[in-house]
Structure formats: structure tokens, C-alpha cells
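Chemist: One file is attached below, final24.json, containing JSON, N, CA and C atoms.
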```
[["chain", "number", "residue", "atom", "x", "y", "z"],
["A", 17, "MET", "N", 5.33, 22.09, 4.73],
["A", 17, "MET", "CA", 5.43, 22.93, 5.91],
["A", 17, "MET", "C", 6.56, 22.41, 6.80],
["A", 18, "MET", "N", 7.45, 23.27, 7.15],
["A", 18, "MET", "CA", 8.56, 22.90, 8.03],
["A", 18, "MET", "C", 8.07, 22.83, 9.47],
["A", 19, "VAL", "N", 8.46, 21.77, 10.14],
["A", 19, "VAL", "CA", 8.14, 21.61, 11.55],
["A", 19, "VAL", "C", 9.46, 21.36, 12.27],
["A", 20, "ASP", "N", 9.73, 22.12, 13.31],
["A", 20, "ASP", "CA", 10.98, 21.92, 14.03],
["A", 20, "ASP", "C", 10.72, 21.29, 15.40],
["A", 21, "TYR", "N", 11.81, 20.97, 16.05],
["A", 21, "TYR", "CA", 11.70, 20.33, 17.36],
["A", 21, "TYR", "C", 10.98, 21.20, 18.38],
["A", 22, "ALA", "N", 11.13, 22.51, 18.29],
["A", 22, "ALA", "CA", 10.46, 23.39, 19.23],
["A", 22, "ALA", "C", 8.94, 23.25, 19.12],
["A", 23, "GLN", "N", 8.44, 23.13, 17.90],
["A", 23, "GLN", "CA", 6.99, 22.95, 17.71],
["A", 23, "GLN", "C", 6.54, 21.61, 18.27],
["A", 24, "LEU", "N", 7.34, 20.57, 18.06],
["A", 24, "LEU", "CA", 6.99, 19.26, 18.63],
["A", 24, "LEU", "C", 6.99, 19.32, 20.16],
["A", 25, "ARG", "N", 8.02, 19.95, 20.71],
["A", 25, "ARG", "CA", 8.12, 20.06, 22.17],
["A", 25, "ARG", "C", 6.94, 20.86, 22.73],
["A", 26, "ASP", "N", 6.60, 21.97, 22.07],
["A", 26, "ASP", "CA", 5.48, 22.79, 22.53],
["A", 26, "ASP", "C", 4.16, 22.02, 22.50],
["A", 27, "ALA", "N", 3.95, 21.24, 21.44],
["A", 27, "ALA", "CA", 2.72, 20.44, 21.33],
["A", 27, "ALA", "C", 2.68, 19.38, 22.43],
["A", 28, "TYR", "N", 3.83, 18.74, 22.69],
["A", 28, "TYR", "CA", 3.90, 17.72, 23.75],
["A", 28, "TYR", "C", 3.67, 18.35, 25.13],
["A", 29, "THR", "N", 4.27, 19.51, 25.34],
["A", 29, "THR", "CA", 4.10, 20.21, 26.62],
["A", 29, "THR", "C", 2.64, 20.60, 26.83],
["A", 30, "ALA", "N", 1.97, 21.01, 25.77],
["A", 30, "ALA", "CA", 0.55, 21.37, 25.86],
["A", 30, "ALA", "C", -0.29, 20.16, 26.27],
["A", 31, "VAL", "N", 0.03, 18.98, 25.73],
["A", 31, "VAL", "CA", -0.69, 17.76, 26.13],
["A", 31, "VAL", "C", -0.47, 17.49, 27.61],
["A", 32, "LYS", "N", 0.78, 17.55, 28.05],
["A", 32, "LYS", "CA", 1.07, 17.28, 29.47],
["A", 32, "LYS", "C", 0.33, 18.25, 30.38],
["A", 33, "LYS", "N", 0.36, 19.54, 30.02],
["A", 33, "LYS", "CA", -0.27, 20.55, 30.86],
["A", 33, "LYS", "C", -1.79, 20.37, 30.90],
["A", 34, "THR", "N", -2.42, 20.18, 29.75],
["A", 34, "THR", "CA", -3.87, 20.06, 29.75],
["A", 34, "THR", "C", -4.32, 18.77, 30.42],
["A", 35, "CYS", "N", -3.55, 17.70, 30.29],
["A", 35, "CYS", "CA", -3.89, 16.46, 30.99],
["A", 35, "CYS", "C", -3.80, 16.64, 32.50],
["A", 36, "LYS", "N", -2.81, 17.40, 32.93],
["A", 36, "LYS", "CA", -2.65, 17.65, 34.36],
["A", 36, "LYS", "C", -3.80, 18.49, 34.90],
["A", 37, "ASP", "N", -4.27, 19.45, 34.09],
["A", 37, "ASP", "CA", -5.35, 20.33, 34.52],
["A", 37, "ASP", "C", -6.67, 19.57, 34.63],
["A", 38, "ASP", "N", -7.04, 18.84, 33.59],
["A", 38, "ASP", "CA", -8.29, 18.07, 33.58],
["A", 38, "ASP", "C", -8.23, 17.11, 32.41],
["A", 39, "TRP", "N", -7.86, 15.88, 32.66],
["A", 39, "TRP", "CA", -7.63, 14.90, 31.59],
["A", 39, "TRP", "C", -8.88, 14.55, 30.79],
["A", 40, "ARG", "N", -10.06, 14.95, 31.25],
["A", 40, "ARG", "CA", -11.30, 14.64, 30.53],
["A", 40, "ARG", "C", -11.81, 15.80, 29.68],
["A", 41, "SER", "N", -11.07, 16.88, 29.64],
["A", 41, "SER", "CA", -11.57, 18.09, 28.99],
["A", 41, "SER", "C", -11.42, 18.05, 27.47],
["A", 42, "GLU", "N", -12.18, 18.91, 26.82],
["A", 42, "GLU", "CA", -12.08, 19.10, 25.38],
["A", 42, "GLU", "C", -10.69, 19.64, 25.02],
["A", 43, "ALA", "N", -10.11, 20.42, 25.91],
["A", 43, "ALA", "CA", -8.77, 20.96, 25.66],
["A", 43, "ALA", "C", -7.73, 19.85, 25.52],
["A", 44, "VAL", "N", -7.89, 18.77, 26.29],
["A", 44, "VAL", "CA", -6.97, 17.63, 26.17],
["A", 44, "VAL", "C", -7.14, 16.97, 24.80],
["A", 45, "SER", "N", -8.36, 16.77, 24.40],
["A", 45, "SER", "CA", -8.61, 16.18, 23.07],
["A", 45, "SER", "C", -7.95, 17.01, 21.98],
["A", 46, "GLN", "N", -8.13, 18.31, 22.05],
["A", 46, "GLN", "CA", -7.55, 19.19, 21.04],
["A", 46, "GLN", "C", -6.03, 19.18, 21.10],
["A", 47, "ALA", "N", -5.47, 19.16, 22.30],
["A", 47, "ALA", "CA", -4.01, 19.14, 22.44],
["A", 47, "ALA", "C", -3.43, 17.85, 21.84],
["A", 48, "ILE", "N", -4.11, 16.73, 22.05],
["A", 48, "ILE", "CA", -3.64, 15.46, 21.48],
["A", 48, "ILE", "C", -3.75, 15.50, 19.96],
["A", 49, "ILE", "N", -4.84, 16.03, 19.43],
["A", 49, "ILE", "CA", -5.00, 16.16, 17.99],
["A", 49, "ILE", "C", -3.89, 17.05, 17.42],
["A", 50, "ASP", "N", -3.60, 18.15, 18.09],
["A", 50, "ASP", "CA", -2.54, 19.05, 17.62],
["A", 50, "ASP", "C", -1.18, 18.37, 17.64],
["A", 51, "LEU", "N", -0.90, 17.60, 18.69],
["A", 51, "LEU", "CA", 0.37, 16.87, 18.77],
["A", 51, "LEU", "C", 0.47, 15.84, 17.64],
["A", 52, "ALA", "N", -0.60, 15.12, 17.40],
["A", 52, "ALA", "CA", -0.60, 14.12, 16.33],
["A", 52, "ALA", "C", -0.39, 14.79, 14.97],
["A", 53, "ALA", "N", -1.06, 15.89, 14.73],
["A", 53, "ALA", "CA", -0.93, 16.60, 13.45],
["A", 53, "ALA", "C", 0.48, 17.16, 13.28],
["A", 54, "THR", "N", 1.02, 17.75, 14.32],
["A", 54, "THR", "CA", 2.38, 18.29, 14.26],
["A", 54, "THR", "C", 3.39, 17.18, 14.02],
["A", 55, "SER", "N", 3.21, 16.06, 14.70],
["A", 55, "SER", "CA", 4.11, 14.91, 14.53],
["A", 55, "SER", "C", 4.04, 14.38, 13.11],
["A", 56, "LEU", "N", 2.84, 14.25, 12.58],
["A", 56, "LEU", "CA", 2.66, 13.76, 11.21],
["A", 56, "LEU", "C", 3.28, 14.71, 10.20],
["A", 57, "GLN", "N", 3.11, 16.00, 10.41],
["A", 57, "GLN", "CA", 3.74, 16.98, 9.52],
["A", 57, "GLN", "C", 5.26, 16.86, 9.57],
["A", 58, "PHE", "N", 5.80, 16.69, 10.76],
["A", 58, "PHE", "CA", 7.24, 16.53, 10.90],
["A", 58, "PHE", "C", 7.73, 15.29, 10.16],
["A", 59, "LEU", "N", 7.06, 14.16, 10.36],
["A", 59, "LEU", "CA", 7.48, 12.92, 9.72],
["A", 59, "LEU", "C", 7.43, 13.02, 8.20],
["A", 60, "THR", "N", 6.38, 13.61, 7.68],
["A", 60, "THR", "CA", 6.23, 13.67, 6.22],
["A", 60, "THR", "C", 7.12, 14.74, 5.58],
["A", 61, "ALA", "N", 7.41, 15.81, 6.30],
["A", 61, "ALA", "CA", 8.20, 16.90, 5.73],
["A", 61, "ALA", "C", 9.70, 16.75, 5.99],
["A", 62, "GLU", "N", 10.07, 16.19, 7.12],
["A", 62, "GLU", "CA", 11.47, 16.20, 7.53],
["A", 62, "GLU", "C", 12.15, 14.83, 7.50],
["A", 63, "CYS", "N", 11.38, 13.77, 7.33],
["A", 63, "CYS", "CA", 11.96, 12.42, 7.41],
["A", 63, "CYS", "C", 11.70, 11.64, 6.13],
["A", 64, "GLU", "N", 12.55, 10.68, 5.89],
["A", 64, "GLU", "CA", 12.38, 9.78, 4.76],
["A", 64, "GLU", "C", 11.75, 8.49, 5.26],
["A", 65, "GLN", "N", 10.66, 8.07, 4.65],
["A", 65, "GLN", "CA", 10.03, 6.81, 5.03],
["A", 65, "GLN", "C", 10.76, 5.68, 4.30],
["A", 66, "ILE", "N", 11.16, 4.66, 5.05],
["A", 66, "ILE", "CA", 11.90, 3.55, 4.45],
["A", 66, "ILE", "C", 11.19, 2.23, 4.75],
["A", 67, "ALA", "N", 11.22, 1.34, 3.77],
["A", 67, "ALA", "CA", 10.66, 0.00, 3.95],
["A", 67, "ALA", "C", 11.72, -0.86, 4.63],
["A", 68, "LEU", "N", 11.27, -1.72, 5.53],
["A", 68, "LEU", "CA", 12.18, -2.63, 6.22],
["A", 68, "LEU", "C", 11.89, -4.06, 5.80],
["A", 69, "ASN", "N", 12.91, -4.88, 5.78],
["A", 69, "ASN", "CA", 12.76, -6.29, 5.43],
["A", 69, "ASN", "C", 12.53, -7.09, 6.71],
["A", 70, "SER", "N", 11.47, -7.89, 6.69],
["A", 70, "SER", "CA", 11.15, -8.76, 7.83],
["A", 70, "SER", "C", 11.40, -10.20, 7.43],
["A", 71, "LEU", "N", 11.93, -10.97, 8.35],
["A", 71, "LEU", "CA", 12.14, -12.39, 8.11],
["A", 71, "LEU", "C", 10.90, -13.20, 8.49],
["A", 72, "VAL", "N", 9.90, -12.55, 9.04],
["A", 72, "VAL", "CA", 8.66, -13.21, 9.42],
["A", 72, "VAL", "C", 7.71, -13.15, 8.22],
["A", 73, "PRO", "N", 7.28, -14.31, 7.74],
["A", 73, "PRO", "CA", 6.38, -14.32, 6.58],
["A", 73, "PRO", "C", 5.09, -13.52, 6.84],
["A", 74, "GLY", "N", 4.73, -12.69, 5.88],
["A", 74, "GLY", "CA", 3.49, -11.92, 5.98],
["A", 74, "GLY", "C", 3.60, -10.64, 6.79],
["A", 75, "LYS", "N", 4.74, -10.40, 7.40],
["A", 75, "LYS", "CA", 4.91, -9.18, 8.20],
["A", 75, "LYS", "C", 5.68, -8.16, 7.39],
["A", 76, "ARG", "N", 5.18, -6.93, 7.37],
["A", 76, "ARG", "CA", 5.84, -5.84, 6.67],
["A", 76, "ARG", "C", 5.95, -4.65, 7.61],
["A", 77, "TYR", "N", 7.10, -4.03, 7.59],
["A", 77, "TYR", "CA", 7.36, -2.91, 8.48],
["A", 77, "TYR", "C", 7.97, -1.75, 7.71],
["A", 78, "PHE", "N", 7.88, -0.57, 8.31],
["A", 78, "PHE", "CA", 8.54, 0.61, 7.76],
["A", 78, "PHE", "C", 9.06, 1.43, 8.92],
["A", 79, "SER", "N", 9.88, 2.40, 8.60],
["A", 79, "SER", "CA", 10.43, 3.29, 9.62],
["A", 79, "SER", "C", 10.65, 4.65, 8.97],
["A", 80, "PHE", "N", 11.14, 5.58, 9.76],
["A", 80, "PHE", "CA", 11.51, 6.90, 9.27],
["A", 80, "PHE", "C", 12.98, 7.14, 9.54],
["A", 81, "LEU", "N", 13.62, 7.81, 8.62],
["A", 81, "LEU", "CA", 15.05, 8.10, 8.71],
["A", 81, "LEU", "C", 15.25, 9.61, 8.64],
["A", 82, "ARG", "N", 16.08, 10.11, 9.55],
["A", 82, "ARG", "CA", 16.43, 11.54, 9.53],
["A", 82, "ARG", "C", 17.81, 11.69, 10.14],
["A", 83, "ASN", "N", 18.69, 12.34, 9.41],
["A", 83, "ASN", "CA", 20.06, 12.59, 9.89],
["A", 83, "ASN", "C", 20.73, 11.32, 10.40],
["A", 84, "ASN", "N", 20.66, 10.27, 9.62],
["A", 84, "ASN", "CA", 21.27, 8.97, 9.95],
["A", 84, "ASN", "C", 20.69, 8.31, 11.20],
["A", 85, "THR", "N", 19.54, 8.76, 11.65],
["A", 85, "THR", "CA", 18.84, 8.15, 12.78],
["A", 85, "THR", "C", 17.59, 7.48, 12.26],
["A", 86, "VAL", "N", 17.42, 6.21, 12.61],
["A", 86, "VAL", "CA", 16.26, 5.44, 12.17],
["A", 86, "VAL", "C", 15.32, 5.27, 13.36],
["A", 87, "ALA", "N", 14.05, 5.58, 13.16],
["A", 87, "ALA", "CA", 13.04, 5.44, 14.20],
["A", 87, "ALA", "C", 12.70, 3.96, 14.40],
["A", 88, "ARG", "N", 11.99, 3.68, 15.45],
["A", 88, "ARG", "CA", 11.53, 2.31, 15.70],
["A", 88, "ARG", "C", 10.63, 1.85, 14.56],
["A", 89, "PRO", "N", 10.69, 0.56, 14.24],
["A", 89, "PRO", "CA", 9.84, 0.04, 13.16],
["A", 89, "PRO", "C", 8.35, 0.13, 13.51],
["A", 90, "ALA", "N", 7.55, 0.29, 12.47],
["A", 90, "ALA", "CA", 6.09, 0.29, 12.62],
["A", 90, "ALA", "C", 5.52, -0.68, 11.60],
["A", 91, "ASN", "N", 4.41, -1.29, 11.95],
["A", 91, "ASN", "CA", 3.73, -2.20, 11.04],
["A", 91, "ASN", "C", 3.23, -1.41, 9.83],
["A", 92, "SER", "N", 3.39, -1.96, 8.64],
["A", 92, "SER", "CA", 2.98, -1.26, 7.41],
["A", 92, "SER", "C", 1.50, -0.94, 7.37],
["A", 93, "ALA", "N", 0.68, -1.67, 8.13],
["A", 93, "ALA", "CA", -0.75, -1.35, 8.18],
["A", 93, "ALA", "C", -0.97, 0.06, 8.72],
["A", 94, "PHE", "N", -0.06, 0.56, 9.55],
["A", 94, "PHE", "CA", -0.19, 1.91, 10.08],
["A", 94, "PHE", "C", 0.02, 2.97, 9.02],
["A", 95, "ARG", "N", 0.68, 2.61, 7.92],
["A", 95, "ARG", "CA", 0.89, 3.56, 6.84],
["A", 95, "ARG", "C", -0.44, 4.04, 6.29],
["A", 96, "VAL", "N", -1.43, 3.16, 6.23],
["A", 96, "VAL", "CA", -2.77, 3.54, 5.77],
["A", 96, "VAL", "C", -3.37, 4.55, 6.73],
["A", 97, "ILE", "N", -3.18, 4.33, 8.02],
["A", 97, "ILE", "CA", -3.70, 5.26, 9.03],
["A", 97, "ILE", "C", -3.03, 6.62, 8.87],
["A", 98, "LEU", "N", -1.71, 6.62, 8.64],
["A", 98, "LEU", "CA", -1.01, 7.89, 8.46],
["A", 98, "LEU", "C", -1.53, 8.64, 7.25],
["A", 99, "ARG", "N", -1.73, 7.95, 6.14],
["A", 99, "ARG", "CA", -2.26, 8.60, 4.95],
["A", 99, "ARG", "C", -3.66, 9.15, 5.20],
["A", 100, "SER", "N", -4.50, 8.36, 5.85],
["A", 100, "SER", "CA", -5.88, 8.79, 6.12],
["A", 100, "SER", "C", -5.88, 10.02, 7.02],
["A", 101, "ALA", "N", -5.06, 10.00, 8.05],
["A", 101, "ALA", "CA", -5.00, 11.13, 8.97],
["A", 101, "ALA", "C", -4.51, 12.37, 8.25],
["A", 102, "ASN", "N", -3.54, 12.20, 7.39],
["A", 102, "ASN", "CA", -3.00, 13.32, 6.65],
["A", 102, "ASN", "C", -4.05, 13.89, 5.70],
["A", 103, "LEU", "N", -4.79, 13.05, 5.03],
["A", 103, "LEU", "CA", -5.82, 13.51, 4.10],
["A", 103, "LEU", "C", -6.98, 14.17, 4.83],
["A", 104, "CYS", "N", -7.31, 13.68, 6.00],
["A", 104, "CYS", "CA", -8.43, 14.23, 6.75],
["A", 104, "CYS", "C", -8.06, 15.54, 7.44],
["A", 105, "GLY", "N", -6.79, 15.82, 7.54],
["A", 105, "GLY", "CA", -6.36, 17.05, 8.21],
["A", 105, "GLY", "C", -6.76, 17.04, 9.67],
["A", 106, "LEU", "N", -6.07, 16.32, 10.47],
["A", 106, "LEU", "CA", -6.41, 16.08, 11.87],
["A", 106, "LEU", "C", -6.96, 17.25, 12.65],
["A", 107, "ARG", "N", -6.48, 18.43, 12.39],
["A", 107, "ARG", "CA", -6.87, 19.57, 13.24],
["A", 107, "ARG", "C", -8.32, 19.98, 13.03],
["A", 108, "ARG", "N", -8.92, 20.42, 14.10],
["A", 108, "ARG", "CA", -10.31, 20.89, 14.06],
["A", 108, "ARG", "C", -10.37, 22.34, 13.71]]
```
Kindly present the structure from the file in C-alpha cells form.

Modeler:
Amino acid sequence: MMVDYAQLRDAYTAVKKTCKDDWRSEAVSQAIIDLAATSLQFLTAECEQIALNSLVPGKRYFSFLRNNTVARPANSAFRVILRSANLCGLRR
């Protein structure tokens, strides 16, 4: 599924708006879930996941690459979380 920047922006804007309205509401929870799902779809469909070399023993990191832009490094343990979230289908 293709995800573009407009969809990411719309999902982020929805989180900001619902948080402003009532940060404790079910709508905020759903908006955050939608943003996370949209972001995950974008990363998996539009970006290349790359392994990074760490000079710290026992530490492993990865990042995402798109159009010669590399995202901030993330701990490889988060890769399991990303896979789990993707398999569970975040959206309600």
C-alpha cells in the first residue's frame, strides 16, 4: 500500500487536533493508533531498512533510507516491535 506525505501529515494533524480537544478521549487513542499504522505502512512500503554498524559491543542498530536520506538510528530490539505491530494490524 502506497502511503504519501499527505496521509502522514493528515494523521499527525488528527492527533494534534484530538489531543487539543480532549487528550483523554477514545478519539485520541484511535488517532494515535492511526498515525502509528500509517507511519509503519510508510516505512515498510516506501523506505529501505538498513543495518548499522555499532562500535559498542552488544549494541545493534538499524535505520530507514529513502531518497538518499537516512533516518535516525533505532535499537534493533525495536524491529521486533515493528514486526509485531505490523502483524497485529494496529488499526481497530

Chemist: For CA of Leu71 (chain A) and atom N of Asn84 (chain A), quote the distance in Å rounded to one decimal.

Modeler: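 It comes out at 24.3 Å.
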
Chemist: Work out how far CA of Arg82 (chain A) is from CA of Phe58 (chain A), in Å to one decimal.

Modeler: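 Answer for the CA of Phe58 (chain A) to CA of Arg82 (chain A) separation: 10.5 Å.
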
Chemist: Just give me the gap between atom C of Val86 (chain A) and atom C of Ala67 (chain A) in Å, one decimal is fine.

Modeler: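 Value for the atom C of Val86 (chain A)-atom C of Ala67 (chain A) distance: 11.3 Å.
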
Chemist: List every residue of chain A that DSSP, applied to the backbone, labels as strand (DSSP E or B), and write the result as number ranges by chain.

Modeler: A: 64-68, 77-82, 85-86, 90-91

Chemist: Between A:Thr85, A:Ser92, A:Ser45, A:Leu68, which is the closest to Val31 (chain A) once you count only N, CA and C atoms?

Modeler: A:Ser45

Chemist: If we count only C-alpha atoms, what is near Cys63 (chain A) at a cut-off of 7 Å, once residues fewer than 4 positions away on the same chain are taken out, given as number ranges by chain?

Modeler: A: 59, 80-82

Chemist: Can you pull out every residue within 8 Å of Lys32 (chain A), counting only N, CA and C atoms, but drop anything in the same chain fewer than 4 positions away, and send it as a tab-separated table (two decimals) with N, CA and C atoms, in the frame of the given file?

Modeler:
```tsv
chain	number	residue	atom	x	y	z
A	26	ASP	N	6.60	21.97	22.07
A	26	ASP	CA	5.48	22.79	22.53
A	26	ASP	C	4.16	22.02	22.50
A	27	ALA	N	3.95	21.24	21.44
A	27	ALA	CA	2.72	20.44	21.33
A	27	ALA	C	2.68	19.38	22.43
A	28	TYR	N	3.83	18.74	22.69
A	28	TYR	CA	3.90	17.72	23.75
A	28	TYR	C	3.67	18.35	25.13
A	36	LYS	N	-2.81	17.40	32.93
A	36	LYS	CA	-2.65	17.65	34.36
A	36	LYS	C	-3.80	18.49	34.90
A	37	ASP	N	-4.27	19.45	34.09
A	37	ASP	CA	-5.35	20.33	34.52
A	37	ASP	C	-6.67	19.57	34.63
A	44	VAL	N	-7.89	18.77	26.29
A	44	VAL	CA	-6.97	17.63	26.17
A	44	VAL	C	-7.14	16.97	24.80
A	47	ALA	N	-5.47	19.16	22.30
A	47	ALA	CA	-4.01	19.14	22.44
A	47	ALA	C	-3.43	17.85	21.84
A	48	ILE	N	-4.11	16.73	22.05
A	48	ILE	CA	-3.64	15.46	21.48
A	48	ILE	C	-3.75	15.50	19.96
```
